[in-house]
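Trainee: Okay, here's the structure, questions in a sec.
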Amino acid sequence: MSSISIIGLGNMAGALAGRALAGGNAVEIIGRDPAKAKELAAALGGATVGTVNAAPAGDIVVLAVPYASAAAVVSEYGDALRGKVIIDITNPVSPDFKGFVTPDGSSGAQEIAAAAPAGAHLVKAFNTLFSHVLAAGPAEGHPMDVFIAGDDTRAKAHVSAFIESLGLRPMDTGKLAMARALESVALLQLGLVSHSVKHTNFFLGVSILS
């Protein structure tokens with residue numbers, strides 16, 4: 001099992017922490033509001049509370065913060081993230097839900113990776129799952145896929161093992177540059193919510209026919 005530090009106190013932080021604990025992982029919650037961090041850890045049961053800007057205890061550090069602040073958070077931690085596997089779950093979608101706030105040809109994950117210290121390995125994952133769907137887990141026998149992208153093979157293997165501990169299926173999409181495609185999948189989902197599905201109680205995955 002893995003040791004996970006989750007930076008953030010929102011819905012995705014809670015959903016990931018809950019599934020991680022259920023999968024036998026050690027979980028540390030880190031947030032700028034110590035009282036809320038303690039409240040979330042107590043509600044989950046079994047999680048510890050870390051200190052902002054101190055070295056995270058986990059081998060895997062999950063950035064469960066808005067994209068707008070993600071690179072700044074990584075910069076603030078600096079060398080404390082050296083040697084860590086960083087999971088970026090963000091989506092750099094523009095306020096009108098029609099595009100992205102990242103430079104052309106780049107992705108949120110690549111921009112965050114540029115702020116990380118040498119020796120840290122960033123993996124894109126979980127950005128195509130709504131928090132309540134993630135918390136509920138696989139439904140009606142359908143495996144829930146977690147698409148991942150990253151440049152370091154060992155880091156992706158570590159994240160894949162973590163995903164499997166959650167009862168989910170990791171699907172490697174390639175190098176970190178593929179994060180652009182994964183973030184576009186998230187934008188596609190928002191389009192489905194607005195124009196056809198009309199709710200967020202769904203996930204996109206792969207059906208292997210043979």
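Ligands are numbered from 1 in the order shown, residues from 1 within each chain, and chains are lettered A, B, ... in the order they appear in the structure tokens.
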Need the shell around region 63-65 of chain A: protein/DNA/RNA residues with any atom at most 6 Å away, counting only C-alpha atoms. Skip same-chain ones fewer than 6 positions apart. Format as number ranges by chain?
Mentor: A: 7-8, 13, 88
Trainee: For the selection just defined, write its residues with N, CA, C and O atoms to a file, as a PDB file, in the first residue's frame.
Mentor:
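Final output, saved to part_29.pdb:
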ATOM      1  N   ILE A   7      -3.026  17.530  -0.498  1.00  0.00           N
ATOM      2  CA  ILE A   7      -3.034  18.967  -0.238  1.00  0.00           C
ATOM      3  C   ILE A   7      -4.358  19.523  -0.759  1.00  0.00           C
ATOM      4  O   ILE A   7      -4.609  19.541  -1.963  1.00  0.00           O
ATOM      5  N   GLY A   8      -5.203  19.971   0.152  1.00  0.00           N
ATOM      6  CA  GLY A   8      -6.519  20.481  -0.219  1.00  0.00           C
ATOM      7  C   GLY A   8      -7.589  19.914   0.695  1.00  0.00           C
ATOM      8  O   GLY A   8      -7.399  18.845   1.295  1.00  0.00           O
ATOM      9  N   ALA A  13     -10.597  16.107  -2.479  1.00  0.00           N
ATOM     10  CA  ALA A  13      -9.690  15.695  -1.405  1.00  0.00           C
ATOM     11  C   ALA A  13     -10.376  14.674  -0.510  1.00  0.00           C
ATOM     12  O   ALA A  13      -9.792  13.632  -0.174  1.00  0.00           O
ATOM     13  N   ASP A  88      -1.385  15.422 -10.231  1.00  0.00           N
ATOM     14  CA  ASP A  88      -2.159  16.612 -10.595  1.00  0.00           C
ATOM     15  C   ASP A  88      -3.549  16.177 -11.019  1.00  0.00           C
ATOM     16  O   ASP A  88      -3.710  15.469 -12.009  1.00  0.00           O
TER      17      ASP A  88
END
Trainee: Which residues are close to Thr200 (chain A), i.e. within 10 Å by only C-alpha atoms, leaving aside same-chain residues fewer than 6 positions away? Reply as an MDAnalysis selection string.
Mentor: chainID A and resid 129:133 189:190 192:194
Trainee: Which polymer residues have any atom within 12 Å of an atom of Gly119 (chain A), counting only C-alpha atoms, with same-chain residues fewer than 5 positions away left out, as a count of residues only?
Mentor: 13
Trainee: Can you list, as a ChimeraX atom specification, every residue of region 153-203 of chain A that DSSP puts in alpha helix (DSSP H)?
Mentor: /A:153-165,179-195
Trainee: Tell me, as a list in words, which residues lie within 6 Å of Val123 (chain A), counting only C-alpha atoms; anything in the same chain fewer than 5 positions away does not count.
Mentor: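 Contacts, with the query itself left out: Ile87, Ala149 and Gly150 of chain A.
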Trainee: Within 9 Å of region 31-35 of chain A, counting only C-alpha atoms, which residues show up once you throw out same-chain ones fewer than 3 positions away? Write them as a PyMOL selection string, please.
Mentor: chain A and resi 6-9+38-40+49-52
Trainee: Would you pick out the contacts of Pro95 (chain A) at 12 Å or less, using only C-alpha atoms, so that residues sharing its chain but fewer than 4 positions from it are not included, and give the list as a list in words?
Mentor: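 In the requested format, the answer is Tyr67, Ala68, Asn91, Gly99, Phe100, Val101, Leu187 and Leu190 of chain A.
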Trainee: Next, write the just-selected residues to a file, as a short mmCIF file (atom, residue, chain, number, x, y, z; two decimals), in the first residue's frame, keeping N, CA, C and O atoms as the atom set.
Mentor:
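What ended up in part_0.cif:
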data_model
loop_
_atom_site.label_atom_id
_atom_site.label_comp_id
_atom_site.auth_asym_id
_atom_site.auth_seq_id
_atom_site.Cartn_x
_atom_site.Cartn_y
_atom_site.Cartn_z
N TYR A 67 -6.79 24.72 -10.08
CA TYR A 67 -5.64 24.88 -10.97
C TYR A 67 -4.97 26.23 -10.78
O TYR A 67 -3.74 26.33 -10.82
N ALA A 68 -5.75 27.26 -10.54
CA ALA A 68 -5.21 28.62 -10.44
C ALA A 68 -4.13 28.74 -9.37
O ALA A 68 -3.25 29.59 -9.47
N ASN A 91 -8.05 20.77 -13.54
CA ASN A 91 -8.49 21.05 -14.91
C ASN A 91 -8.44 22.56 -15.13
O ASN A 91 -9.19 23.30 -14.49
N GLY A 99 -12.90 26.61 -23.13
CA GLY A 99 -11.51 26.39 -23.47
C GLY A 99 -10.66 26.32 -22.23
O GLY A 99 -11.15 25.97 -21.15
N PHE A 100 -9.38 26.67 -22.38
CA PHE A 100 -8.44 26.53 -21.28
C PHE A 100 -7.70 27.84 -21.02
O PHE A 100 -7.59 28.70 -21.90
N VAL A 101 -7.19 27.97 -19.82
CA VAL A 101 -6.43 29.16 -19.44
C VAL A 101 -4.93 28.95 -19.62
O VAL A 101 -4.15 29.85 -19.36
N LEU A 187 -13.19 18.74 -20.33
CA LEU A 187 -14.00 19.76 -21.00
C LEU A 187 -15.16 19.10 -21.75
O LEU A 187 -16.29 19.63 -21.76
N LEU A 190 -17.92 18.37 -19.35
CA LEU A 190 -18.71 19.56 -19.03
C LEU A 190 -19.70 19.86 -20.14
O LEU A 190 -20.83 20.30 -19.88
#
Trainee: Have a look at A:Val206, A:Ala72, A:Ala116, A:Met171 and name the one nearest to Lys156 (chain A); count only C-alpha atoms.
Mentor: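 Counting only C-alpha atoms, the residue closest to Lys156 (chain A) is A:Met171.
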